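Following: one structure in structure tokens, then a few remarks.
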Amino acid sequence: MSCAEEYTPQLRSRGYRMTPQRLAILHVLHHSGKHLTPAQIYEKASRELEGLTEPTVYRTLEFLAANGLARPAHMGNGHLAYEIARHEHHHLKCRTCGNEMEVEHAVLEKLYRQLESATGYLLTDGHITFFGICPNCQKGE
């Protein structure tokens, strides 16, 4: 299934159309398999779509995140990175080597419910990155 076939119906169901800019950015996110900064997304997407501007990438990423197609995350450098929104998950990131791994949301589900119960908040978004030292770096590899 192409990116257009996968994501166009999702946008249309929300009353939006698929633009070339949205498609190029979704294509980059879909095929990257990792978090990318807006600058990295711009670099890759501008190869696919001539005339794409960096401000358009930023606006489009905000739009895609607001509509559940992209997921922003704070990756520890003070800047947002984005990935395609496939499933609820979180990350563990090594402060030494930068390696990261996904953690299924189910692992933190109990904590989410406890937070809701203790605070009265209804948690609607949650993409958490935990930082530490991976097993290989702990061994000095």
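Ordering of the structure tokens sets the chain letters (A, B, ...); residue numbers start at 1 within each chain; ligands are numbered from 1 in the order shown.
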May I have a table of the residues of stretch 55-95 of chain A lying at most 12 Å from stretch 2-13 of chain A, giving each one's closest pair of atoms and their distance in Å to one decimal, counting only C-alpha atoms, ordered by chain and ascending residue number, as a Markdown table?
| residue | atom | partner | partner_atom | distance |
| --- | --- | --- | --- | --- |
| A:Phe63 | CA | A:Leu11 | CA | 10.6 |
| A:Leu64 | CA | A:Leu11 | CA | 9.1 |
| A:Ala65 | CA | A:Leu11 | CA | 11.8 |
| A:Ala66 | CA | A:Leu11 | CA | 11.3 |
| A:Asn67 | CA | A:Leu11 | CA | 7.9 |
| A:Gly68 | CA | A:Gln10 | CA | 9.1 |
| A:Leu69 | CA | A:Tyr7 | CA | 7.9 |
| A:Ala70 | CA | A:Tyr7 | CA | 10.9 |
| A:Ile84 | CA | A:Tyr7 | CA | 10.7 |
| A:Ala85 | CA | A:Tyr7 | CA | 10.9 |
| A:Arg86 | CA | A:Tyr7 | CA | 11.4 |
When DSSP is applied to the backbone of this structure, which of stretch 81-118 of chain A are assigned strand (DSSP E)? Write them out as a PyMOL selection string.
chain A and resi 81-84+89-94+100-104
DSSP on the backbone: what in stretch 19-83 of chain A comes out helix (DSSP H, G or I), as a PyMOL selection string?
chain A and resi 20-32+38-48+54-66
Using 8 Å as the limit and counting only C-alpha atoms, can you tabulate each residue of stretch 11-98 of chain A that touches stretch 111-127 of chain A, with its shortest atom-to-atom distance in Å and the two atoms involved, as a tab-separated table?
residue	atom	partner	partner_atom	distance
A:Arg71	CA	A:His127	CA	8.0
A:Pro72	CA	A:His127	CA	7.9
A:Ala73	CA	A:His127	CA	6.3
A:Glu88	CA	A:His127	CA	7.6
A:His89	CA	A:His127	CA	6.6
A:His90	CA	A:His127	CA	5.4
A:His91	CA	A:His127	CA	7.9
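Take the candidates A:Thr37, A:Glu104, A:Leu61, A:Pro55 and check each one against A:Gly78 using only C-alpha atoms; the shortest distance goes to A:Thr37.
The environment of A:Thr96 within 12 Å, counting only C-alpha atoms and disregarding residues fewer than 2 places along the same chain, consists of Lys93, Cys94, Gly98, Asn99, Glu100, Phe131, Gly132, Ile133, Cys134, Pro135, Asn136, Cys137, Gln138, Lys139, Gly140 and Glu141 of chain A.
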Expected file contents, prior selection, N, CA and C atoms, as a PDB file, in the first residue's frame:
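Produced file out-v2.pdb, reproduced below:
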ATOM      1  N   LYS A  93      16.301   5.739  25.735  1.00  0.00           N
ATOM      2  CA  LYS A  93      17.412   6.266  24.938  1.00  0.00           C
ATOM      3  C   LYS A  93      18.671   6.300  25.783  1.00  0.00           C
ATOM      4  N   CYS A  94      19.744   5.775  25.219  1.00  0.00           N
ATOM      5  CA  CYS A  94      21.026   5.738  25.918  1.00  0.00           C
ATOM      6  C   CYS A  94      21.710   7.096  25.816  1.00  0.00           C
ATOM      7  N   GLY A  98      23.498   6.914  22.319  1.00  0.00           N
ATOM      8  CA  GLY A  98      22.365   7.435  21.566  1.00  0.00           C
ATOM      9  C   GLY A  98      21.416   6.375  21.044  1.00  0.00           C
ATOM     10  N   ASN A  99      21.744   5.114  21.287  1.00  0.00           N
ATOM     11  CA  ASN A  99      20.865   4.032  20.838  1.00  0.00           C
ATOM     12  C   ASN A  99      19.512   4.165  21.528  1.00  0.00           C
ATOM     13  N   GLU A 100      18.452   3.771  20.842  1.00  0.00           N
ATOM     14  CA  GLU A 100      17.142   3.840  21.468  1.00  0.00           C
ATOM     15  C   GLU A 100      16.336   2.606  21.131  1.00  0.00           C
ATOM     16  N   PHE A 131      15.608   8.307  29.677  1.00  0.00           N
ATOM     17  CA  PHE A 131      17.029   8.346  29.371  1.00  0.00           C
ATOM     18  C   PHE A 131      17.800   7.546  30.405  1.00  0.00           C
ATOM     19  N   GLY A 132      18.818   6.867  29.950  1.00  0.00           N
ATOM     20  CA  GLY A 132      19.656   6.072  30.835  1.00  0.00           C
ATOM     21  C   GLY A 132      20.884   5.600  30.081  1.00  0.00           C
ATOM     22  N   ILE A 133      21.486   4.541  30.599  1.00  0.00           N
ATOM     23  CA  ILE A 133      22.680   3.947  29.978  1.00  0.00           C
ATOM     24  C   ILE A 133      22.316   2.522  29.582  1.00  0.00           C
ATOM     25  N   CYS A 134      22.482   2.215  28.298  1.00  0.00           N
ATOM     26  CA  CYS A 134      22.106   0.891  27.794  1.00  0.00           C
ATOM     27  C   CYS A 134      23.051  -0.184  28.346  1.00  0.00           C
ATOM     28  N   PRO A 135      22.629  -1.444  28.271  1.00  0.00           N
ATOM     29  CA  PRO A 135      23.466  -2.535  28.797  1.00  0.00           C
ATOM     30  C   PRO A 135      24.863  -2.588  28.186  1.00  0.00           C
ATOM     31  N   ASN A 136      24.997  -2.338  26.872  1.00  0.00           N
ATOM     32  CA  ASN A 136      26.325  -2.380  26.244  1.00  0.00           C
ATOM     33  C   ASN A 136      27.237  -1.292  26.789  1.00  0.00           C
ATOM     34  N   CYS A 137      26.709  -0.079  26.964  1.00  0.00           N
ATOM     35  CA  CYS A 137      27.537   1.013  27.487  1.00  0.00           C
ATOM     36  C   CYS A 137      27.865   0.788  28.964  1.00  0.00           C
ATOM     37  N   GLN A 138      26.989   0.161  29.694  1.00  0.00           N
ATOM     38  CA  GLN A 138      27.277  -0.169  31.095  1.00  0.00           C
ATOM     39  C   GLN A 138      28.461  -1.126  31.196  1.00  0.00           C
ATOM     40  N   LYS A 139      28.595  -2.009  30.206  1.00  0.00           N
ATOM     41  CA  LYS A 139      29.696  -2.973  30.174  1.00  0.00           C
ATOM     42  C   LYS A 139      30.974  -2.350  29.626  1.00  0.00           C
ATOM     43  N   GLY A 140      30.861  -1.113  29.105  1.00  0.00           N
ATOM     44  CA  GLY A 140      32.017  -0.429  28.554  1.00  0.00           C
ATOM     45  C   GLY A 140      32.322  -0.828  27.120  1.00  0.00           C
ATOM     46  N   GLU A 141      31.333  -1.366  26.437  1.00  0.00           N
ATOM     47  CA  GLU A 141      31.549  -1.783  25.030  1.00  0.00           C
ATOM     48  C   GLU A 141      31.473  -0.607  24.097  1.00  0.00           C
TER      49      GLU A 141
END
Within 9 Å of A:His27, counting only C-alpha atoms, which residues show up once you throw out same-chain ones fewer than 3 positions away? Write them as an NGL selection string, please.
:A and (2-4 or 22-24 or 30-32 or 45)
Limited to N, CA and C atoms, could you put the picked residues into a file as a tab-separated table (two decimals), in the first residue's frame?
chain	number	residue	atom	x	y	z
A	2	SER	N	0.57	2.17	-0.85
A	2	SER	CA	1.35	3.40	-0.93
A	2	SER	C	0.98	4.33	0.23
A	3	CYS	N	1.84	5.30	0.48
A	3	CYS	CA	1.56	6.29	1.53
A	3	CYS	C	0.27	7.05	1.22
A	4	ALA	N	0.05	7.38	-0.05
A	4	ALA	CA	-1.16	8.11	-0.42
A	4	ALA	C	-2.39	7.27	-0.11
A	22	ARG	N	1.99	17.49	2.29
A	22	ARG	CA	1.64	16.50	3.32
A	22	ARG	C	2.11	15.11	2.91
A	23	LEU	N	1.88	14.77	1.66
A	23	LEU	CA	2.27	13.44	1.18
A	23	LEU	C	3.78	13.25	1.24
A	24	ALA	N	4.55	14.24	0.83
A	24	ALA	CA	6.01	14.13	0.86
A	24	ALA	C	6.52	13.94	2.28
A	30	HIS	N	7.05	7.91	7.20
A	30	HIS	CA	6.63	6.51	7.10
A	30	HIS	C	7.83	5.59	6.84
A	31	HIS	N	8.73	6.03	5.96
A	31	HIS	CA	9.83	5.17	5.55
A	31	HIS	C	11.10	5.34	6.39
A	32	SER	N	11.11	6.31	7.30
A	32	SER	CA	12.32	6.51	8.10
A	32	SER	C	12.43	5.47	9.21
A	45	ALA	N	12.46	15.48	2.36
A	45	ALA	CA	11.23	15.74	1.61
A	45	ALA	C	11.46	16.72	0.47
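For the pair atom CA of A:His74 and atom CA of A:Arg59, the interatomic distance is 17.6 Å.
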Record the distance separating atom CA of A:Glu43 and atom CA of A:Arg95, expressed in Å with one decimal.
25.7 Å
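Across the model, the gap from atom CA of A:Tyr58 to atom CA of A:Ala39 is 8.8 Å.
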